[in-house]
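Asks: The file below is work-v4.cif, mmCIF, C-alpha atoms, pLDDT in the B column; chains and numbers go by the auth columns:
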```
data_data
loop_
_atom_site.group_PDB
_atom_site.id
_atom_site.type_symbol
_atom_site.label_atom_id
_atom_site.label_comp_id
_atom_site.label_asym_id
_atom_site.label_seq_id
_atom_site.Cartn_x
_atom_site.Cartn_y
_atom_site.Cartn_z
_atom_site.B_iso_or_equiv
_atom_site.auth_seq_id
_atom_site.auth_asym_id
ATOM 1 C CA MET A 1 -25.186 25.985 -19.781 39.00 196 A
ATOM 2 C CA THR A 2 -28.389 25.671 -17.766 41.00 197 A
ATOM 3 C CA THR A 3 -28.443 25.256 -13.996 45.00 198 A
ATOM 4 C CA ALA A 4 -29.936 21.813 -14.362 47.00 199 A
ATOM 5 C CA THR A 5 -27.035 20.675 -16.539 44.00 200 A
ATOM 6 C CA ALA A 6 -24.465 22.099 -14.134 45.00 201 A
ATOM 7 C CA ALA A 7 -26.110 20.310 -11.218 44.00 202 A
ATOM 8 C CA ALA A 8 -26.212 17.051 -13.166 45.00 203 A
ATOM 9 C CA GLU A 9 -22.493 17.295 -13.774 50.00 204 A
ATOM 10 C CA ILE A 10 -21.534 17.356 -10.116 49.00 205 A
ATOM 11 C CA VAL A 11 -23.723 14.462 -9.035 48.00 206 A
ATOM 12 C CA PRO A 12 -21.407 11.516 -8.404 48.00 207 A
ATOM 13 C CA ASP A 13 -21.907 8.746 -10.925 50.00 208 A
ATOM 14 C CA LYS A 14 -23.153 5.853 -8.815 53.00 209 A
ATOM 15 C CA LYS A 15 -22.425 3.454 -11.646 56.00 210 A
ATOM 16 C CA ALA A 16 -18.846 4.660 -12.059 70.00 211 A
ATOM 17 C CA LYS A 17 -16.583 1.640 -11.780 84.00 212 A
ATOM 18 C CA ARG A 18 -14.047 1.603 -8.953 93.00 213 A
ATOM 19 C CA LYS A 19 -10.489 1.638 -10.225 97.00 214 A
ATOM 20 C CA ARG A 20 -8.735 -1.684 -9.954 98.00 215 A
ATOM 21 C CA LEU A 21 -5.081 -2.642 -9.385 98.00 216 A
ATOM 22 C CA ALA A 22 -3.797 -6.114 -10.256 98.00 217 A
ATOM 23 C CA LEU A 23 -0.350 -7.021 -8.907 98.00 218 A
ATOM 24 C CA VAL A 24 1.840 -10.066 -9.310 98.00 219 A
ATOM 25 C CA ALA A 25 4.185 -10.751 -6.377 98.00 220 A
ATOM 26 C CA SER A 26 6.752 -13.256 -7.614 98.00 221 A
ATOM 27 C CA LYS A 27 9.696 -12.710 -5.245 98.00 222 A
ATOM 28 C CA GLY A 28 10.188 -14.209 -1.808 97.00 223 A
ATOM 29 C CA THR A 29 12.881 -11.948 -0.384 97.00 224 A
ATOM 30 C CA LEU A 30 12.158 -9.407 2.343 97.00 225 A
ATOM 31 C CA ASP A 31 13.065 -6.412 0.188 97.00 226 A
ATOM 32 C CA GLN A 32 10.910 -7.596 -2.696 97.00 227 A
ATOM 33 C CA ALA A 33 7.935 -8.409 -0.468 98.00 228 A
ATOM 34 C CA TYR A 34 7.522 -4.748 0.445 98.00 229 A
ATOM 35 C CA PRO A 35 6.744 -3.118 -2.947 98.00 230 A
ATOM 36 C CA PRO A 36 3.583 -5.091 -3.798 98.00 231 A
ATOM 37 C CA LEU A 37 2.249 -4.687 -0.254 98.00 232 A
ATOM 38 C CA ILE A 38 3.025 -0.945 -0.220 98.00 233 A
ATOM 39 C CA LEU A 39 1.339 -0.449 -3.593 98.00 234 A
ATOM 40 C CA ALA A 40 -1.645 -2.523 -2.483 98.00 235 A
ATOM 41 C CA ALA A 41 -2.055 -0.580 0.783 98.00 236 A
ATOM 42 C CA THR A 42 -1.797 2.709 -1.112 98.00 237 A
ATOM 43 C CA ALA A 43 -4.238 1.795 -3.885 98.00 238 A
ATOM 44 C CA ALA A 44 -6.756 0.469 -1.373 98.00 239 A
ATOM 45 C CA SER A 45 -6.393 3.732 0.580 98.00 240 A
ATOM 46 C CA LEU A 46 -7.227 5.614 -2.632 97.00 241 A
ATOM 47 C CA GLY A 47 -10.444 3.623 -2.775 96.00 242 A
ATOM 48 C CA TRP A 48 -9.307 1.187 -5.454 97.00 243 A
ATOM 49 C CA GLU A 49 -10.108 -2.497 -5.617 98.00 244 A
ATOM 50 C CA VAL A 50 -6.859 -4.464 -5.307 98.00 245 A
ATOM 51 C CA GLY A 51 -5.792 -8.047 -5.929 98.00 246 A
ATOM 52 C CA ILE A 52 -2.317 -9.544 -5.587 98.00 247 A
ATOM 53 C CA TYR A 53 -1.380 -12.799 -7.280 98.00 248 A
ATOM 54 C CA PHE A 54 1.320 -14.471 -5.156 98.00 249 A
ATOM 55 C CA THR A 55 3.245 -16.847 -7.348 98.00 250 A
ATOM 56 C CA PHE A 56 6.515 -18.807 -7.220 98.00 251 A
ATOM 57 C CA TYR A 57 8.709 -17.521 -4.377 98.00 252 A
ATOM 58 C CA GLY A 58 6.205 -14.728 -3.797 98.00 253 A
ATOM 59 C CA LEU A 59 3.906 -17.356 -2.291 98.00 254 A
ATOM 60 C CA ASP A 60 6.177 -17.350 0.793 98.00 255 A
ATOM 61 C CA ILE A 61 4.569 -13.988 1.677 98.00 256 A
ATOM 62 C CA LEU A 62 1.318 -15.907 2.294 98.00 257 A
ATOM 63 C CA HIS A 63 2.992 -18.895 3.990 98.00 258 A
ATOM 64 C CA LYS A 64 2.169 -18.659 7.671 97.00 259 A
ATOM 65 C CA ASP A 65 5.509 -20.146 8.789 97.00 260 A
ATOM 66 C CA ARG A 66 7.573 -18.099 6.325 97.00 261 A
ATOM 67 C CA PHE A 67 6.166 -14.568 5.873 97.00 262 A
ATOM 68 C CA ASP A 68 7.824 -13.418 9.089 95.00 263 A
ATOM 69 C CA LYS A 69 11.170 -15.015 8.179 97.00 264 A
ATOM 70 C CA LEU A 70 11.782 -13.529 4.724 97.00 265 A
ATOM 71 C CA LYS A 71 15.415 -12.629 4.103 97.00 266 A
ATOM 72 C CA VAL A 72 17.494 -10.218 2.048 96.00 267 A
ATOM 73 C CA ALA A 73 19.898 -11.808 -0.434 93.00 268 A
ATOM 74 C CA SER A 74 23.508 -10.995 0.425 92.00 269 A
ATOM 75 C CA LEU A 75 24.829 -12.311 -2.905 90.00 270 A
ATOM 76 C CA ALA A 76 24.261 -10.809 -6.344 87.00 271 A
ATOM 77 C CA ASN A 77 22.539 -7.846 -4.717 87.00 272 A
ATOM 78 C CA PRO A 78 24.904 -4.893 -5.252 86.00 273 A
ATOM 79 C CA ALA A 79 22.349 -2.387 -3.920 87.00 274 A
ATOM 80 C CA GLY A 80 21.725 -4.519 -0.822 87.00 275 A
ATOM 81 C CA PRO A 81 22.340 -3.331 2.705 87.00 276 A
ATOM 82 C CA LEU A 82 25.740 -5.080 3.179 86.00 277 A
ATOM 83 C CA LYS A 83 28.391 -2.895 1.573 84.00 278 A
ATOM 84 C CA VAL A 84 31.043 -5.605 1.274 84.00 279 A
ATOM 85 C CA PRO A 85 32.696 -7.337 -1.707 87.00 280 A
ATOM 86 C CA ASN A 86 30.207 -9.675 -3.373 86.00 281 A
ATOM 87 C CA LEU A 87 32.224 -12.803 -2.533 88.00 282 A
ATOM 88 C CA LEU A 88 31.845 -12.082 1.204 89.00 283 A
ATOM 89 C CA GLY A 89 28.108 -12.323 0.688 89.00 284 A
ATOM 90 C CA ALA A 90 28.623 -16.082 0.484 90.00 285 A
ATOM 91 C CA ILE A 91 30.059 -16.511 3.964 92.00 286 A
ATOM 92 C CA PRO A 92 27.806 -18.066 6.613 93.00 287 A
ATOM 93 C CA GLY A 93 25.742 -15.436 8.363 94.00 288 A
ATOM 94 C CA ALA A 94 25.893 -12.900 5.534 94.00 289 A
ATOM 95 C CA THR A 95 22.230 -13.358 4.607 95.00 290 A
ATOM 96 C CA ALA A 96 21.203 -12.986 8.251 96.00 291 A
ATOM 97 C CA ALA A 97 23.351 -9.847 8.531 95.00 292 A
ATOM 98 C CA ALA A 98 21.859 -8.272 5.377 95.00 293 A
ATOM 99 C CA THR A 99 18.378 -9.116 6.660 97.00 294 A
ATOM 100 C CA ALA A 100 19.085 -7.621 10.070 96.00 295 A
ATOM 101 C CA VAL A 101 20.345 -4.393 8.503 96.00 296 A
ATOM 102 C CA MET A 102 17.236 -4.011 6.360 96.00 297 A
ATOM 103 C CA LYS A 103 14.949 -4.720 9.328 97.00 298 A
ATOM 104 C CA LYS A 104 16.836 -2.078 11.308 97.00 299 A
ATOM 105 C CA TRP A 105 16.419 0.450 8.462 96.00 300 A
ATOM 106 C CA MET A 106 12.708 -0.262 8.255 97.00 301 A
ATOM 107 C CA LYS A 107 12.203 0.014 12.006 97.00 302 A
ATOM 108 C CA LYS A 108 14.144 3.276 12.172 97.00 303 A
ATOM 109 C CA ALA A 109 11.953 4.693 9.372 97.00 304 A
ATOM 110 C CA ASN A 110 8.782 3.623 11.268 97.00 305 A
ATOM 111 C CA MET A 111 7.848 1.316 8.388 98.00 306 A
ATOM 112 C CA PRO A 112 5.435 -1.504 9.174 98.00 307 A
ATOM 113 C CA THR A 113 6.688 -5.093 9.135 98.00 308 A
ATOM 114 C CA ILE A 114 5.522 -7.552 6.470 98.00 309 A
ATOM 115 C CA ALA A 115 3.116 -9.019 9.043 97.00 310 A
ATOM 116 C CA GLU A 116 1.680 -5.554 9.686 98.00 311 A
ATOM 117 C CA PHE A 117 1.327 -4.854 5.956 98.00 312 A
ATOM 118 C CA ILE A 118 -0.519 -8.153 5.499 98.00 313 A
ATOM 119 C CA GLU A 119 -2.887 -7.169 8.297 97.00 314 A
ATOM 120 C CA MET A 120 -3.370 -3.639 6.880 97.00 315 A
ATOM 121 C CA THR A 121 -4.053 -4.797 3.344 98.00 316 A
ATOM 122 C CA GLN A 122 -6.412 -7.575 4.420 97.00 317 A
ATOM 123 C CA ALA A 123 -8.338 -5.057 6.538 96.00 318 A
ATOM 124 C CA LEU A 124 -8.687 -2.954 3.360 97.00 319 A
ATOM 125 C CA ASP A 125 -10.208 -5.961 1.547 97.00 320 A
ATOM 126 C CA VAL A 126 -7.225 -6.562 -0.737 98.00 321 A
ATOM 127 C CA THR A 127 -7.686 -9.952 -2.415 98.00 322 A
ATOM 128 C CA PHE A 128 -4.800 -12.369 -1.950 98.00 323 A
ATOM 129 C CA PHE A 129 -4.662 -14.891 -4.789 98.00 324 A
ATOM 130 C CA ALA A 130 -2.480 -17.900 -3.917 98.00 325 A
ATOM 131 C CA CYS A 131 -1.099 -19.496 -7.089 98.00 326 A
ATOM 132 C CA SER A 132 -2.319 -23.068 -7.182 98.00 327 A
ATOM 133 C CA THR A 133 0.488 -24.209 -9.488 97.00 328 A
ATOM 134 C CA THR A 134 3.103 -22.897 -7.061 97.00 329 A
ATOM 135 C CA MET A 135 1.335 -24.734 -4.256 98.00 330 A
ATOM 136 C CA GLY A 136 1.504 -27.963 -6.268 98.00 331 A
ATOM 137 C CA VAL A 137 5.111 -27.488 -7.377 97.00 332 A
ATOM 138 C CA MET A 138 6.422 -26.473 -3.962 97.00 333 A
ATOM 139 C CA GLY A 139 4.228 -28.761 -1.875 97.00 334 A
ATOM 140 C CA VAL A 140 2.316 -26.005 -0.115 98.00 335 A
ATOM 141 C CA GLU A 141 -1.066 -26.962 1.344 98.00 336 A
ATOM 142 C CA GLU A 142 -4.005 -24.647 1.918 97.00 337 A
ATOM 143 C CA SER A 143 -3.462 -25.143 5.670 98.00 338 A
ATOM 144 C CA ASP A 144 0.076 -23.718 5.253 98.00 339 A
ATOM 145 C CA LEU A 145 -1.310 -20.361 4.114 98.00 340 A
ATOM 146 C CA ILE A 146 -2.536 -17.451 6.196 98.00 341 A
ATOM 147 C CA GLN A 147 -6.318 -17.033 6.527 97.00 342 A
ATOM 148 C CA GLY A 148 -8.254 -15.365 3.769 96.00 343 A
ATOM 149 C CA CYS A 149 -6.395 -16.427 0.604 97.00 344 A
ATOM 150 C CA ASP A 150 -8.162 -17.278 -2.649 98.00 345 A
ATOM 151 C CA ILE A 151 -6.511 -20.291 -4.262 98.00 346 A
ATOM 152 C CA ALA A 152 -6.468 -19.606 -7.979 97.00 347 A
ATOM 153 C CA GLY A 153 -4.721 -20.418 -11.215 97.00 348 A
ATOM 154 C CA ALA A 154 -3.468 -17.978 -13.811 97.00 349 A
ATOM 155 C CA ALA A 155 -6.796 -17.829 -15.669 97.00 350 A
ATOM 156 C CA ALA A 156 -8.693 -16.635 -12.598 97.00 351 A
ATOM 157 C CA PHE A 157 -6.071 -13.963 -11.922 97.00 352 A
ATOM 158 C CA LEU A 158 -6.054 -12.830 -15.556 98.00 353 A
ATOM 159 C CA ASP A 159 -9.847 -12.623 -15.445 98.00 354 A
ATOM 160 C CA PHE A 160 -9.431 -10.197 -12.505 98.00 355 A
ATOM 161 C CA ALA A 161 -6.494 -8.380 -14.175 98.00 356 A
ATOM 162 C CA ALA A 162 -8.318 -7.962 -17.499 97.00 357 A
ATOM 163 C CA GLU A 163 -10.707 -5.535 -15.823 96.00 358 A
ATOM 164 C CA ALA A 164 -7.895 -3.693 -13.994 98.00 359 A
ATOM 165 C CA ASP A 165 -6.815 -0.129 -14.710 98.00 360 A
ATOM 166 C CA VAL A 166 -3.250 -0.835 -13.570 98.00 361 A
ATOM 167 C CA GLN A 167 -1.395 -4.140 -13.760 98.00 362 A
ATOM 168 C CA LEU A 168 2.118 -4.530 -12.363 98.00 363 A
ATOM 169 C CA PHE A 169 4.541 -7.437 -12.026 98.00 364 A
ATOM 170 C CA VAL A 170 6.886 -7.344 -9.045 95.00 365 A
ATOM 171 C CA MET B 1 -1.369 25.162 13.048 53.00 39 B
ATOM 172 C CA THR B 2 -4.932 26.145 12.307 59.00 40 B
ATOM 173 C CA ASN B 3 -6.707 27.443 9.290 66.00 41 B
ATOM 174 C CA PRO B 4 -9.129 30.119 10.496 62.00 42 B
ATOM 175 C CA GLN B 5 -11.213 29.781 7.337 76.00 43 B
ATOM 176 C CA LEU B 6 -12.091 26.152 7.964 85.00 44 B
ATOM 177 C CA SER B 7 -13.756 24.292 10.758 94.00 45 B
ATOM 178 C CA VAL B 8 -11.640 21.214 11.289 96.00 46 B
ATOM 179 C CA ALA B 9 -13.401 17.996 12.338 97.00 47 B
ATOM 180 C CA ASP B 10 -10.224 16.008 13.024 97.00 48 B
ATOM 181 C CA THR B 11 -6.451 16.499 13.038 98.00 49 B
ATOM 182 C CA LEU B 12 -3.965 13.792 12.138 98.00 50 B
ATOM 183 C CA ASP B 13 -0.223 14.149 12.642 98.00 51 B
ATOM 184 C CA THR B 14 1.877 11.764 10.517 98.00 52 B
ATOM 185 C CA SER B 15 5.216 13.363 11.347 98.00 53 B
ATOM 186 C CA GLY B 16 8.078 10.924 10.919 97.00 54 B
ATOM 187 C CA LEU B 17 6.055 8.508 8.780 98.00 55 B
ATOM 188 C CA LEU B 18 6.876 7.633 5.188 97.00 56 B
ATOM 189 C CA CYS B 19 4.755 6.477 2.252 96.00 57 B
ATOM 190 C CA PRO B 20 2.370 4.673 2.353 97.00 58 B
ATOM 191 C CA LEU B 21 1.545 5.510 5.976 98.00 59 B
ATOM 192 C CA PRO B 22 0.478 9.185 5.636 98.00 60 B
ATOM 193 C CA VAL B 23 -1.872 8.237 2.775 98.00 61 B
ATOM 194 C CA TYR B 24 -3.116 5.103 4.546 98.00 62 B
ATOM 195 C CA LYS B 25 -3.727 6.874 7.860 98.00 63 B
ATOM 196 C CA ALA B 26 -5.347 9.862 6.141 98.00 64 B
ATOM 197 C CA ALA B 27 -7.707 7.508 4.268 98.00 65 B
ATOM 198 C CA MET B 28 -8.606 5.779 7.546 97.00 66 B
ATOM 199 C CA ALA B 29 -9.269 9.152 9.216 98.00 67 B
ATOM 200 C CA LEU B 30 -11.367 10.370 6.248 98.00 68 B
ATOM 201 C CA LYS B 31 -13.473 7.195 6.408 96.00 69 B
ATOM 202 C CA ARG B 32 -14.522 8.205 9.917 97.00 70 B
ATOM 203 C CA LEU B 33 -15.695 11.673 8.793 97.00 71 B
ATOM 204 C CA GLU B 34 -18.973 12.722 7.199 97.00 72 B
ATOM 205 C CA ALA B 35 -19.026 14.284 3.725 97.00 73 B
ATOM 206 C CA GLY B 36 -18.218 17.990 4.003 96.00 74 B
ATOM 207 C CA GLU B 37 -16.125 17.618 7.176 97.00 75 B
ATOM 208 C CA VAL B 38 -12.486 18.667 7.054 98.00 76 B
ATOM 209 C CA LEU B 39 -9.414 16.667 8.065 98.00 77 B
ATOM 210 C CA GLU B 40 -6.296 18.604 9.013 98.00 78 B
ATOM 211 C CA LEU B 41 -3.309 16.469 8.060 98.00 79 B
ATOM 212 C CA ILE B 42 0.285 17.109 9.097 98.00 80 B
ATOM 213 C CA CYS B 43 3.037 15.373 7.099 98.00 81 B
ATOM 214 C CA THR B 44 6.823 15.369 6.989 98.00 82 B
ATOM 215 C CA ASP B 45 7.347 12.864 4.141 97.00 83 B
ATOM 216 C CA PRO B 46 8.499 15.075 1.227 94.00 84 B
ATOM 217 C CA GLY B 47 6.489 12.807 -1.098 96.00 85 B
ATOM 218 C CA SER B 48 3.312 13.951 0.627 97.00 86 B
ATOM 219 C CA LEU B 49 3.223 17.166 -1.407 97.00 87 B
ATOM 220 C CA ALA B 50 2.532 14.972 -4.439 97.00 88 B
ATOM 221 C CA ASP B 51 0.765 12.116 -2.632 98.00 89 B
ATOM 222 C CA ILE B 52 -1.925 13.904 -0.643 98.00 90 B
ATOM 223 C CA PRO B 53 -3.367 15.798 -3.649 97.00 91 B
ATOM 224 C CA ALA B 54 -3.385 12.431 -5.475 97.00 92 B
ATOM 225 C CA LEU B 55 -5.201 10.801 -2.546 97.00 93 B
ATOM 226 C CA ALA B 56 -7.847 13.542 -2.585 97.00 94 B
ATOM 227 C CA ARG B 57 -8.257 13.344 -6.358 97.00 95 B
ATOM 228 C CA GLN B 58 -8.551 9.554 -6.411 96.00 96 B
ATOM 229 C CA ARG B 59 -10.935 9.370 -3.451 96.00 97 B
ATOM 230 C CA GLY B 60 -13.062 12.279 -4.641 96.00 98 B
ATOM 231 C CA ASP B 61 -12.223 14.581 -1.722 97.00 99 B
ATOM 232 C CA ILE B 62 -11.523 18.296 -1.999 97.00 100 B
ATOM 233 C CA LEU B 63 -8.114 19.665 -1.047 97.00 101 B
ATOM 234 C CA ARG B 64 -9.035 22.962 0.614 96.00 102 B
ATOM 235 C CA GLY B 65 -5.550 24.141 1.446 96.00 103 B
ATOM 236 C CA VAL B 66 -1.852 23.327 1.704 97.00 104 B
ATOM 237 C CA GLU B 67 0.719 25.075 3.814 97.00 105 B
ATOM 238 C CA GLU B 68 4.445 24.371 3.866 95.00 106 B
ATOM 239 C CA ARG B 69 6.329 25.154 7.057 92.00 107 B
ATOM 240 C CA GLU B 70 10.004 24.230 6.822 90.00 108 B
ATOM 241 C CA ALA B 71 10.039 20.411 6.744 92.00 109 B
ATOM 242 C CA THR B 72 6.337 20.104 7.539 97.00 110 B
ATOM 243 C CA GLN B 73 3.334 20.224 5.242 98.00 111 B
ATOM 244 C CA VAL B 74 -0.212 20.810 6.449 98.00 112 B
ATOM 245 C CA PHE B 75 -3.168 19.803 4.307 98.00 113 B
ATOM 246 C CA TRP B 76 -6.859 20.511 4.782 98.00 114 B
ATOM 247 C CA ILE B 77 -8.958 17.856 3.085 98.00 115 B
ATOM 248 C CA GLU B 78 -12.727 18.093 2.844 97.00 116 B
ATOM 249 C CA LYS B 79 -14.351 14.702 2.582 97.00 117 B
ATOM 250 C CA GLY B 80 -16.165 14.408 -0.721 96.00 118 B
ATOM 251 C CA PRO B 81 -19.555 12.808 -1.375 91.00 119 B
ATOM 252 C CA GLN B 82 -18.104 9.404 -2.276 70.00 120 B
ATOM 253 C CA PRO B 83 -19.761 6.157 -1.162 59.00 121 B
#
```
For the file at hand, write its structure as structure tokens.

Replies:
Amino acid sequence: MTTATAAAEIVPDKKAKRKRLALVASKGTLDQAYPPLILAATAASLGWEVGIYFTFYGLDILHKDRFDKLKVASLANPAGPLKVPNLLGAIPGATAAATAVMKKWMKKANMPTIAEFIEMTQALDVTFFACSTTMGVMGVEESDLIQGCDIAGAAAFLDFAAEADVQLFV
Amino acid sequence: MTNPQLSVADTLDTSGLLCPLPVYKAAMALKRLEAGEVLELICTDPGSLADIPALARQRGDILRGVEEREATQVFWIEKGPQP
């Protein structure tokens, strides 16, 4: 191997494509809002380009009156924070109690809130796709969403996801 | 906690923080450095032993050293020539 070849090999490839992560966030509970935001914050920290498609209940994560009020389901959630018989999950206040426990866990572990994760990921230029069909079905207007969302249908998201190195559905 | 072999440009202590915060904060600190400068990173998240090498590999930085001290890990990351 000549010196020239060796030198050529360590020159960063300016044309090398940035890695891309395409996520679908389809759940609107507090516990399920965390994973896509954590993955997005991590991938963006690694230098990747990231887009999240918020669809169905996941759109609540972009809803400016709702993202700070997401809750943990107390029913049909055996791994949830309330360790009580499932039927008791139906009593009034159970959802609020399960939510409070999870928020306490997160705070104790120094984990950012959903609002803080939204701020972090937006600062890292993560693209937030707001599903236009969900907006139509659930009566959500553009003015109901936080700043900086791209309203898009499935085709636009798939166009972004087709070029992604990693695609995940949450 | 110093590495006598390296001149450290910045030190970041993420003790008590869990994934993704050590990676996120390390990336933010590395962005502020020039290529070739070294970040000393202190972590207590046990996942960091796998995560920080992955961060360096993905960003194109060079992991110059790792030291485990009881529940603490110290990493020395040299910022690579990435854009």

Asks: To test your reading of the syntax: which residues would the PyMOL selection byres ((chain B) within 12 of (chain A)) return for the file shown? Reply as a ChimeraX atom specification.

Replies: /B:52-69,83,89-99,118-121

Asks: For the PyMOL selection byres ((chain A and resi 340-350) around 7), applied here, can you spell out every residue it catches as an MDAnalysis selection string?

Replies: chainID A and resid 257:259 323:328 337:339 351:354

Asks: Once the PyMOL selection byres ((chain B and resi 116) around 6) has been applied to the shown file, what residues remain in the selection, as a PyMOL selection string?

Replies: chain B and resi 74-76+99-100+115+117

Asks: Can I get the selection written as an mmCIF file, keeping the file's coordinate frame, with C-alpha atoms?

Replies:
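Generated file (selection05.cif):
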```
data_model
loop_
_atom_site.group_PDB
_atom_site.id
_atom_site.type_symbol
_atom_site.label_atom_id
_atom_site.label_comp_id
_atom_site.auth_asym_id
_atom_site.auth_seq_id
_atom_site.Cartn_x
_atom_site.Cartn_y
_atom_site.Cartn_z
ATOM 1 C CA GLY B 74 -18.218 17.990 4.003
ATOM 2 C CA GLU B 75 -16.125 17.618 7.176
ATOM 3 C CA VAL B 76 -12.486 18.667 7.054
ATOM 4 C CA ASP B 99 -12.223 14.581 -1.722
ATOM 5 C CA ILE B 100 -11.523 18.296 -1.999
ATOM 6 C CA ILE B 115 -8.958 17.856 3.085
ATOM 7 C CA LYS B 117 -14.351 14.702 2.582
#
```

Asks: Work out how far atom CA of B:Val104 is from atom CA of B:Leu87, in Å to one decimal.

Replies: 8.6 Å

Asks: Take the point (16.5, -9.1, 6.5) as written in the file and pick out every residue within 9 Å of it, counting all atoms listed in the file; give the list as JSON, numbers by chain.

Replies: {"A": [224, 225, 226, 264, 265, 266, 267, 268, 290, 291, 292, 293, 294, 295, 296, 297, 298, 299]}

Asks: What is the atom CA of A:Tyr229-atom CA of A:Phe312 distance in Å, reported with one decimal?

Replies: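 The value is 8.3 Å.
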
Asks: Of the residues A:Gly288, A:Asp320, A:Ser221, A:Tyr252, which is the one nearest to A:Ser269, using all atoms listed in the file?

Replies: A:Gly288

Asks: Would you work out the distance separating atom CA of A:Glu314 from atom CA of A:Phe251, expressed in Å to one decimal?

Replies: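 For atom CA of A:Glu314 relative to atom CA of A:Phe251, the distance reads 21.6 Å.
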
Asks: Got a minute to add N, CA and C atoms to stretch 337-348 of chain A and dump it as a short mmCIF file (atom, residue, chain, number, x, y, z; two decimals), in the coordinates of the input?

Replies:
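rebuild_6.cif was written with the following content:
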```
data_model
loop_
_atom_site.label_atom_id
_atom_site.label_comp_id
_atom_site.auth_asym_id
_atom_site.auth_seq_id
_atom_site.Cartn_x
_atom_site.Cartn_y
_atom_site.Cartn_z
N GLU A 337 -3.16 -25.78 1.54
CA GLU A 337 -4.00 -24.65 1.92
C GLU A 337 -3.82 -24.30 3.40
N SER A 338 -3.62 -25.36 4.23
CA SER A 338 -3.46 -25.14 5.67
C SER A 338 -2.12 -24.48 6.01
N ASP A 339 -1.20 -24.40 5.03
CA ASP A 339 0.08 -23.72 5.25
C ASP A 339 -0.05 -22.21 5.07
N LEU A 340 -1.16 -21.78 4.46
CA LEU A 340 -1.31 -20.36 4.11
C LEU A 340 -2.03 -19.60 5.22
N ILE A 341 -1.80 -18.30 5.26
CA ILE A 341 -2.54 -17.45 6.20
C ILE A 341 -4.02 -17.47 5.82
N GLN A 342 -4.87 -17.05 6.77
CA GLN A 342 -6.32 -17.03 6.53
C GLN A 342 -6.67 -16.03 5.42
N GLY A 343 -7.69 -16.35 4.69
CA GLY A 343 -8.25 -15.36 3.77
C GLY A 343 -7.64 -15.31 2.39
N CYS A 344 -6.97 -16.40 1.96
CA CYS A 344 -6.40 -16.43 0.60
C CYS A 344 -7.37 -17.10 -0.36
N ASP A 345 -7.39 -16.62 -1.60
CA ASP A 345 -8.16 -17.28 -2.65
C ASP A 345 -7.20 -18.12 -3.48
N ILE A 346 -7.37 -19.43 -3.45
CA ILE A 346 -6.51 -20.29 -4.26
C ILE A 346 -6.99 -20.21 -5.71
N ALA A 347 -6.06 -19.86 -6.60
CA ALA A 347 -6.47 -19.61 -7.98
C ALA A 347 -5.34 -19.90 -8.94
N GLY A 348 -5.70 -20.25 -10.15
CA GLY A 348 -4.72 -20.42 -11.22
C GLY A 348 -4.59 -19.12 -11.99
#
```
